[in-house]
file my_file.txt (compact mmCIF, C-alpha atoms and all ligand atoms)
# COMPACT_ATOMS: atom_id res chain seq x y z
CA MET A 1 -10.58 17.27 -19.30
CA LYS A 2 -8.15 15.41 -17.05
CA SER A 3 -7.26 11.91 -18.21
CA VAL A 4 -4.75 9.32 -16.97
CA TYR A 5 -2.51 7.04 -18.97
CA HIS A 6 -2.39 3.58 -17.38
CA LEU A 7 -6.00 3.24 -16.23
CA ASP A 8 -7.34 4.60 -19.54
CA LEU A 9 -9.83 6.73 -17.57
CA ASP A 10 -10.82 10.38 -17.58
CA GLU A 11 -12.97 12.61 -15.34
CA LYS A 12 -16.09 11.94 -17.41
CA LYS A 13 -15.77 8.17 -17.04
CA VAL A 14 -15.05 8.44 -13.31
CA ASN A 15 -18.28 10.45 -13.02
CA GLY A 16 -17.41 12.25 -9.79
CA ALA A 17 -16.60 9.09 -7.78
CA LYS A 18 -14.66 9.85 -4.60
CA ILE A 19 -14.68 6.29 -3.26
CA ALA A 20 -12.99 3.31 -4.91
CA ILE A 21 -13.09 -0.41 -4.22
CA ILE A 22 -9.74 -1.82 -5.31
CA PRO A 23 -9.36 -5.61 -5.64
CA GLY A 24 -6.09 -7.02 -6.97
CA ASP A 25 -7.68 -9.29 -9.55
CA PRO A 26 -9.17 -7.69 -12.71
CA ALA A 27 -11.70 -10.57 -12.93
CA ARG A 28 -13.03 -9.69 -9.49
CA VAL A 29 -14.09 -6.21 -10.64
CA ALA A 30 -17.06 -7.39 -12.74
CA HIS A 31 -18.19 -9.64 -9.88
CA ILE A 32 -18.24 -6.77 -7.38
CA ALA A 33 -19.94 -4.50 -9.93
CA LYS A 34 -22.99 -6.82 -9.92
CA PHE A 35 -23.73 -5.60 -6.39
CA ILE A 36 -23.71 -1.86 -7.11
CA ASP A 37 -26.44 0.11 -8.92
CA ASP A 38 -26.01 0.70 -12.65
CA GLY A 39 -22.56 -1.01 -12.69
CA LYS A 40 -20.93 -0.39 -16.08
CA HIS A 41 -17.59 -1.30 -17.60
CA ALA A 42 -15.46 1.88 -17.92
CA ALA A 43 -12.00 0.73 -19.08
CA THR A 44 -9.54 -2.15 -19.34
CA LYS A 45 -5.81 -1.74 -19.89
CA ARG A 46 -3.09 -4.12 -18.70
CA GLU A 47 -3.97 -5.25 -15.14
CA PHE A 48 -6.36 -2.33 -14.63
CA THR A 49 -10.07 -3.00 -15.17
CA SER A 50 -12.60 -0.39 -14.03
CA TYR A 51 -16.37 -0.40 -13.56
CA THR A 52 -18.40 2.56 -12.34
CA GLY A 53 -21.81 2.77 -10.72
CA PHE A 54 -23.63 3.92 -7.60
CA ILE A 55 -24.05 2.91 -3.98
CA SER A 56 -26.80 4.79 -2.06
CA ASN A 57 -27.05 7.19 -5.06
CA THR A 58 -23.38 8.11 -4.65
CA PRO A 59 -20.96 7.49 -7.55
CA VAL A 60 -18.28 4.86 -6.93
CA ILE A 61 -15.58 3.20 -8.99
CA ILE A 62 -14.14 -0.30 -8.81
CA THR A 63 -10.62 -0.66 -10.26
CA SER A 64 -8.20 -3.60 -10.06
CA THR A 65 -4.67 -2.89 -8.85
CA GLY A 66 -2.93 -5.99 -10.20
CA ILE A 67 -0.60 -7.86 -7.86
CA GLY A 68 1.88 -6.00 -5.64
CA GLY A 69 3.01 -2.50 -4.77
CA PRO A 70 4.19 -1.00 -8.08
CA SER A 71 0.92 -1.48 -9.98
CA THR A 72 -1.08 -0.58 -6.85
CA SER A 73 0.80 2.73 -6.63
CA ILE A 74 -0.10 3.55 -10.23
CA CYS A 75 -3.76 2.64 -9.73
CA VAL A 76 -4.12 4.73 -6.57
CA ASP A 77 -2.18 7.72 -7.88
CA GLU A 78 -4.14 7.89 -11.13
CA LEU A 79 -7.53 7.47 -9.40
CA ALA A 80 -6.52 10.25 -6.98
CA GLN A 81 -5.61 12.47 -9.95
CA LEU A 82 -9.21 11.96 -11.12
CA GLY A 83 -10.70 12.95 -7.73
CA VAL A 84 -10.90 9.71 -5.72
CA ASN A 85 -9.90 10.21 -2.06
CA THR A 86 -11.00 6.99 -0.31
CA PHE A 87 -9.71 3.51 -1.18
CA ILE A 88 -11.02 0.17 0.05
CA ARG A 89 -8.71 -2.70 -0.79
CA VAL A 90 -10.38 -6.10 -0.95
CA GLY A 91 -8.23 -9.19 -1.36
CA THR A 92 -7.21 -12.62 -0.21
CA THR A 93 -4.65 -13.49 2.41
CA GLY A 94 -2.64 -16.14 4.20
CA ALA A 95 -3.13 -16.16 7.99
CA ILE A 96 -0.05 -16.86 10.11
CA GLN A 97 -1.69 -17.19 13.53
CA GLU A 98 -3.10 -20.59 14.50
CA HIS A 99 -6.48 -19.34 15.77
CA ILE A 100 -7.48 -17.76 12.42
CA ASN A 101 -9.65 -20.03 10.26
CA LEU A 102 -10.21 -20.33 6.51
CA GLY A 103 -13.24 -18.20 5.61
CA ASP A 104 -12.52 -15.61 8.31
CA VAL A 105 -11.61 -12.08 7.25
CA ILE A 106 -8.76 -9.86 8.39
CA VAL A 107 -9.10 -6.09 8.65
CA SER A 108 -5.65 -4.48 8.68
CA THR A 109 -4.86 -1.65 11.07
CA ALA A 110 -1.35 -1.23 9.66
CA SER A 111 1.22 -3.10 7.60
CA VAL A 112 4.80 -4.22 7.92
CA ARG A 113 6.54 -2.67 4.91
CA LEU A 114 7.99 -5.71 3.16
CA ASP A 115 7.47 -3.95 -0.16
CA GLY A 116 9.64 -1.59 -2.20
CA ALA A 117 7.14 0.90 -3.62
CA SER A 118 6.17 2.46 -0.26
CA PHE A 119 9.78 3.72 0.11
CA HIS A 120 9.19 5.93 -2.92
CA PHE A 121 6.54 7.79 -0.92
CA ALA A 122 8.02 8.06 2.57
CA PRO A 123 11.16 7.02 4.51
CA PRO A 124 11.34 3.74 6.50
CA GLU A 125 10.40 5.42 9.81
CA TYR A 126 7.00 6.43 8.36
CA PRO A 127 4.10 4.09 9.29
CA ALA A 128 2.03 2.13 6.80
CA VAL A 129 -1.17 2.88 8.70
CA ALA A 130 -4.80 2.51 7.61
CA ASP A 131 -7.38 5.28 7.96
CA PHE A 132 -9.17 4.91 11.30
CA HIS A 133 -12.70 5.67 10.03
CA VAL A 134 -12.47 3.39 6.98
CA THR A 135 -11.06 0.61 9.18
CA SER A 136 -13.82 0.99 11.80
CA ALA A 137 -16.44 0.87 9.03
CA LEU A 138 -14.84 -2.30 7.60
CA LEU A 139 -14.90 -4.00 11.00
CA GLU A 140 -18.51 -3.01 11.74
CA SER A 141 -19.57 -4.14 8.26
CA ALA A 142 -17.91 -7.55 8.71
CA LYS A 143 -19.81 -8.02 11.96
CA GLU A 144 -23.08 -6.83 10.39
CA ASN A 145 -22.63 -9.50 7.70
CA GLY A 146 -22.13 -12.19 10.36
CA LEU A 147 -18.48 -12.78 9.51
CA LYS A 148 -15.63 -13.61 11.86
CA ALA A 149 -13.26 -10.65 11.55
CA HIS A 150 -9.77 -10.26 13.03
CA LEU A 151 -8.33 -6.78 13.46
CA GLY A 152 -4.58 -6.23 13.47
CA ILE A 153 -1.26 -5.90 11.71
CA THR A 154 -0.53 -7.38 8.27
CA ALA A 155 2.84 -8.24 6.73
CA SER A 156 2.68 -6.91 3.18
CA SER A 157 5.29 -8.45 0.91
CA ASP A 158 6.44 -7.80 -2.65
CA THR A 159 6.85 -11.53 -3.20
CA PHE A 160 4.43 -14.39 -2.65
CA TYR A 161 7.12 -17.04 -2.13
CA GLN A 162 10.39 -15.71 -0.63
CA GLY A 163 8.95 -12.69 1.21
CA GLN A 164 6.25 -14.86 2.75
CA GLU A 165 8.81 -17.56 3.58
CA ARG A 166 7.41 -20.23 1.30
CA TYR A 167 9.63 -23.16 0.37
CA ASP A 168 7.39 -24.59 -2.38
CA SER A 169 8.85 -22.21 -5.01
CA TYR A 170 10.95 -23.06 -8.10
CA SER A 171 14.27 -22.86 -6.21
CA GLN A 172 12.76 -24.08 -2.93
CA TYR A 173 15.20 -21.63 -1.35
CA VAL A 174 14.47 -18.65 0.89
CA PRO A 175 17.42 -16.25 1.25
CA ARG A 176 19.07 -16.24 4.66
CA ASN A 177 17.73 -12.81 5.62
CA LEU A 178 14.16 -14.09 5.21
CA GLN A 179 14.63 -17.52 6.81
CA GLY A 180 12.74 -17.54 10.12
CA SER A 181 10.87 -14.37 9.21
CA MET A 182 7.41 -15.96 9.50
CA LYS A 183 8.19 -17.08 13.06
CA GLU A 184 9.29 -13.55 13.89
CA TRP A 185 6.09 -11.96 12.50
CA GLN A 186 4.04 -14.51 14.46
CA LYS A 187 5.89 -13.57 17.66
CA LEU A 188 5.33 -9.88 16.91
CA ASN A 189 1.55 -10.45 16.69
CA VAL A 190 1.28 -10.00 12.95
CA LEU A 191 -1.89 -11.74 11.69
CA ASN A 192 -1.34 -12.39 8.00
CA TYR A 193 0.48 -11.98 4.70
CA GLU A 194 -0.77 -10.13 1.63
CA MET A 195 0.90 -8.05 -1.09
CA GLU A 196 -0.54 -4.54 -1.55
CA SER A 197 -1.50 -2.89 1.76
CA ALA A 198 1.96 -1.56 2.71
CA THR A 199 2.15 0.49 -0.48
CA LEU A 200 -1.51 1.52 -0.27
CA PHE A 201 -1.40 2.62 3.38
CA THR A 202 1.91 4.45 3.15
CA MET A 203 1.11 6.41 0.00
CA CYS A 204 -2.41 7.29 1.15
CA ALA A 205 -1.31 8.42 4.63
CA ALA A 206 1.55 10.43 3.11
CA MET A 207 -0.67 12.12 0.51
CA GLY A 208 -3.69 12.83 2.77
CA LEU A 209 -5.90 10.12 1.24
CA LYS A 210 -7.92 7.49 3.15
CA ALA A 211 -7.39 3.75 2.83
CA GLY A 212 -8.54 0.52 4.44
CA CYS A 213 -8.00 -3.16 3.68
CA VAL A 214 -10.06 -6.30 4.22
CA ALA A 215 -8.89 -9.73 3.09
CA GLY A 216 -10.48 -13.19 3.08
CA VAL A 217 -8.37 -16.02 4.50
CA ILE A 218 -7.63 -18.74 1.92
CA VAL A 219 -4.72 -20.48 3.67
CA ASN A 220 -3.48 -20.85 7.22
CA ARG A 221 0.31 -20.96 7.05
CA THR A 222 0.67 -22.75 10.38
CA LYS A 223 -0.87 -25.76 8.57
CA THR A 224 0.16 -25.53 4.89
CA GLU A 225 1.85 -23.28 2.33
CA THR A 226 -0.76 -23.78 -0.42
CA PRO A 227 -3.94 -21.68 -0.70
CA ASP A 228 -7.21 -23.63 -0.73
CA LYS A 229 -8.84 -22.95 -4.12
CA THR A 230 -12.26 -23.93 -2.79
CA MET A 231 -12.11 -20.96 -0.41
CA LEU A 232 -11.71 -18.38 -3.19
CA SER A 233 -15.36 -17.82 -4.04
CA ARG A 234 -16.29 -17.64 -0.34
CA ALA A 235 -13.55 -15.09 0.29
CA GLU A 236 -14.70 -13.11 -2.75
CA ASP A 237 -18.34 -13.08 -1.58
CA ASN A 238 -17.33 -12.01 1.93
CA ILE A 239 -15.09 -9.13 0.88
CA THR A 240 -17.65 -7.96 -1.69
CA LYS A 241 -20.41 -7.79 0.94
CA ILE A 242 -18.13 -6.02 3.41
CA SER A 243 -16.92 -3.44 0.91
CA ILE A 244 -20.46 -2.51 -0.19
CA SER A 245 -21.71 -2.19 3.44
CA THR A 246 -18.60 -0.19 4.33
CA ILE A 247 -19.27 2.33 1.58
CA LYS A 248 -22.92 2.64 2.73
CA ARG A 249 -21.68 3.39 6.26
CA LEU A 250 -19.11 5.92 5.06
CA ILE A 251 -21.77 7.67 2.96
CA GLU A 252 -24.24 7.76 5.89
CA LYS A 253 -21.62 9.28 8.19
CA ARG A 254 -20.60 12.06 5.79
N1 LIG B 301 -2.24 -13.73 -0.81
C1 LIG B 301 -1.00 -13.66 -0.29
O1 LIG B 301 -0.28 -12.69 -0.53
N2 LIG B 301 -0.56 -14.68 0.46
C2 LIG B 301 -1.29 -15.77 0.71
O2 LIG B 301 -0.83 -16.68 1.39
C3 LIG B 301 -2.61 -15.84 0.17
C4 LIG B 301 -3.05 -14.79 -0.59

call {"tool": "encode", "arguments": {"input": "my_file.txt", "output": "structure tokens", "more": "lines below"}}
Ligand code: URA
result
Amino acid sequence: MKSVYHLDLDEKKVNGAKIAIIPGDPARVAHIAKFIDDGKHAATKREFTSYTGFISNTPVIITSTGIGGPSTSICVDELAQLGVNTFIRVGTTGAIQEHINLGDVIVSTASVRLDGASFHFAPPEYPAVADFHVTSALLESAKENGLKAHLGITASSDTFYQGQERYDSYSQYVPRNLQGSMKEWQKLNVLNYEMESATLFTMCAAMGLKAGCVAGVIVNRTKTETPDKTMLSRAEDNITKISISTIKRLIEKR
């Protein structure tokens, strides 16, 4: 039987799941699992926690990616080795456009590749683009749940501080090549910063897998650099609801 090293999973544990919900935070996995049928802990190793269960009688898996591209690439590759072909990333984000409010959600159509891992899957000219059907289902599900959703391009950075042009880091320094970068992304109609979608979208598009990403807004960078901790549970509830409805839609349309 096929098994994978980092996730500590095998085909039996995955139980035929073809669809995965992939939050960054391992602690978020158990929370999401409360909203699926028969949610059960399957494995925990390093940053990767997995629960399995069912949505509309269809097997699904929830696995955390950890923060950033490298661990995301391992999570997605190993789940794909075990038969998963559709990935729904749920996370938190910093909006960079003034009109986006805390508590809104952002559905990414594509990502600016400010990561490193995506370049191990495809050259720089290759787009980090989300799957159209997964993205449409995410948007419709956000609306169905009464949430304000913004659809557009995300800047996906390996670093939380320098790559997202934050000055409240240890050194309080942003290297010259990244100074002014937030202004540029704003001018180029990028909506937000997060840290995993560039790797996820590039590797999935390149390998014939499907991926989408929805993120809850916990800071608006036109106002402050610091995420609002009180927004975390709201963001988590919103992205959980959207991911479950999205999977129901995808199952119905099969
Ligand atoms: N996640 C990010 O990557 N950036 C933010 O500003 C908030 C969450």

call {"tool": "residues_near_ligand", "arguments": {"input": "my_file.txt", "ligand": "ligand LIG 301 (chain B)", "cutoff": "8 Å", "atoms": "all atoms listed in the file", "output": "ChimeraX atom specification"}}
result
/A:91-95,156-157,159-160,164,192-195,217-221,225-227

call {"tool": "closest_residue", "arguments": {"input": "my_file.txt", "among": "A:Ala130, A:Lys187, A:Ala43, A:Leu102", "to": "Lys148 (chain A)", "atoms": "all atoms listed in the file"}}
result
A:Leu102

call {"tool": "residues_around", "arguments": {"input": "my_file.txt", "residues": "Val105 (chain A)", "least_positions_apart": "3", "cutoff": "8 Å", "atoms": "all atoms listed in the file", "output": "list in words"}}
result
Ala142, Leu147, Lys148, Ala149, His150, Val214, Ala215, Gly216, Val217, Ala235, Asn238 and Ile239 of chain A

call {"tool": "closest_residue", "arguments": {"input": "my_file.txt", "among": "A:Ser233, A:Arg46, A:Arg249, A:Tyr126", "to": "Ile32 (chain A)", "atoms": "all atoms listed in the file"}}
result
A:Ser233

call {"tool": "atom_distance", "arguments": {"input": "my_file.txt", "atom1": "CA of Asn145 (chain A)", "atom2": "CA of Asn85 (chain A)"}}
result
25.4 Å

call {"tool": "axis_aligned_box", "arguments": {"input": "my_file.txt", "around": "region 147-164 of chain A", "padding_each_side": "5 Å", "output": "lines of an AutoDock Vina configuration file"}}
result
center_x = -4.0
center_y = -11.5
center_z = 5.1
size_x = 38.9
size_y = 21.1
size_z = 26.7

call {"tool": "atom_distance", "arguments": {"input": "my_file.txt", "atom1": "CA of Gln186 (chain A)", "atom2": "CA of Asp168 (chain A)"}}
result
19.9 Å

call {"tool": "closest_residue", "arguments": {"input": "my_file.txt", "among": "A:Glu125, A:Glu140, A:Asp115, A:Asp237", "to": "Ser197 (chain A)", "atoms": "all atoms listed in the file"}}
result
A:Asp115

call {"tool": "residues_around", "arguments": {"input": "my_file.txt", "residues": "Ala80 (chain A)", "least_positions_apart": "2", "cutoff": "12 Å", "atoms": "only C-alpha atoms", "output": "MDAnalysis selection string"}}
result
chainID A and resid 2:4 7 9:11 14 16:20 61 73:78 82:87 203:204 207:211

call {"tool": "residues_around", "arguments": {"input": "my_file.txt", "residues": "Pro26 (chain A)", "least_positions_apart": "4", "cutoff": "7 Å", "atoms": "all atoms listed in the file", "output": "list of chain:residue names"}}
result
A:Glu47, A:Phe48, A:Thr49, A:Ser64, A:Gly66

call {"tool": "decode", "arguments": {"input": "my_file.txt", "residues": "region 166-248 of chain A", "atoms": "C-alpha atoms", "output": "tab-separated table (two decimals), in the first residue's frame"}}
result
chain	number	residue	atom	x	y	z
A	166	ARG	CA	6.57	45.44	6.76
A	167	TYR	CA	8.85	47.69	8.80
A	168	ASP	CA	7.85	46.36	12.25
A	169	SER	CA	10.35	43.45	12.02
A	170	TYR	CA	13.47	42.82	14.14
A	171	SER	CA	15.75	44.84	11.83
A	172	GLN	CA	13.00	47.28	10.84
A	173	TYR	CA	14.70	47.20	7.44
A	174	VAL	CA	13.26	46.18	4.08
A	175	PRO	CA	15.92	45.54	1.40
A	176	ARG	CA	16.05	48.12	-1.37
A	177	ASN	CA	14.58	45.80	-4.00
A	178	LEU	CA	11.43	45.40	-1.90
A	179	GLN	CA	11.07	49.03	-0.76
A	180	GLY	CA	8.01	50.50	-2.50
A	181	SER	CA	6.80	47.06	-3.54
A	182	MET	CA	3.46	47.34	-1.73
A	183	LYS	CA	2.69	50.59	-3.60
A	184	GLU	CA	3.50	48.85	-6.86
A	185	TRP	CA	1.21	45.87	-6.15
A	186	GLN	CA	-1.56	48.31	-5.19
A	187	LYS	CA	-1.12	50.14	-8.51
A	188	LEU	CA	-1.17	46.82	-10.36
A	189	ASN	CA	-4.56	45.95	-8.81
A	190	VAL	CA	-3.29	43.25	-6.50
A	191	LEU	CA	-5.75	42.79	-3.62
A	192	ASN	CA	-3.80	41.17	-0.81
A	193	TYR	CA	-0.78	39.40	0.67
A	194	GLU	CA	-0.61	35.79	1.83
A	195	MET	CA	2.09	33.10	1.82
A	196	GLU	CA	1.11	29.83	0.12
A	197	SER	CA	-1.03	30.37	-3.00
A	198	ALA	CA	1.81	31.03	-5.48
A	199	THR	CA	3.35	27.63	-4.76
A	200	LEU	CA	-0.03	25.90	-4.62
A	201	PHE	CA	-1.35	27.36	-7.89
A	202	THR	CA	1.85	26.89	-9.87
A	203	MET	CA	2.46	23.29	-8.85
A	204	CYS	CA	-1.19	22.29	-9.29
A	205	ALA	CA	-1.52	23.93	-12.72
A	206	ALA	CA	1.79	22.40	-13.82
A	207	MET	CA	0.88	18.90	-12.62
A	208	GLY	CA	-2.77	18.84	-13.83
A	209	LEU	CA	-4.28	19.22	-10.34
A	210	LYS	CA	-7.01	21.69	-9.31
A	211	ALA	CA	-6.56	24.39	-6.69
A	212	GLY	CA	-8.40	27.38	-5.27
A	213	CYS	CA	-7.76	29.76	-2.39
A	214	VAL	CA	-9.98	31.76	-0.05
A	215	ALA	CA	-8.61	33.93	2.74
A	216	GLY	CA	-10.20	35.97	5.53
A	217	VAL	CA	-8.96	39.54	5.93
A	218	ILE	CA	-7.37	40.17	9.35
A	219	VAL	CA	-5.49	43.39	8.57
A	220	ASN	CA	-5.80	46.22	6.07
A	221	ARG	CA	-2.26	47.34	5.25
A	222	THR	CA	-3.35	50.80	4.11
A	223	LYS	CA	-4.16	51.42	7.80
A	224	THR	CA	-1.73	49.31	9.88
A	225	GLU	CA	0.94	46.61	9.63
A	226	THR	CA	-0.36	44.50	12.54
A	227	PRO	CA	-3.07	41.83	12.14
A	228	ASP	CA	-6.13	42.24	14.37
A	229	LYS	CA	-6.23	39.18	16.65
A	230	THR	CA	-9.93	39.66	17.33
A	231	MET	CA	-10.62	39.00	13.64
A	232	LEU	CA	-9.03	35.53	13.67
A	233	SER	CA	-12.00	33.50	14.84
A	234	ARG	CA	-14.34	35.35	12.45
A	235	ALA	CA	-11.97	34.71	9.55
A	236	GLU	CA	-11.72	31.06	10.57
A	237	ASP	CA	-15.51	30.64	10.73
A	238	ASN	CA	-15.96	32.32	7.34
A	239	ILE	CA	-13.36	30.26	5.49
A	240	THR	CA	-14.62	27.05	7.12
A	241	LYS	CA	-18.20	27.70	5.96
A	242	ILE	CA	-17.03	28.62	2.46
A	243	SER	CA	-14.81	25.56	2.07
A	244	ILE	CA	-17.57	23.14	3.14
A	245	SER	CA	-20.16	24.75	0.78
A	246	THR	CA	-17.58	24.78	-2.01
A	247	ILE	CA	-16.99	21.05	-1.69
A	248	LYS	CA	-20.77	20.43	-1.70
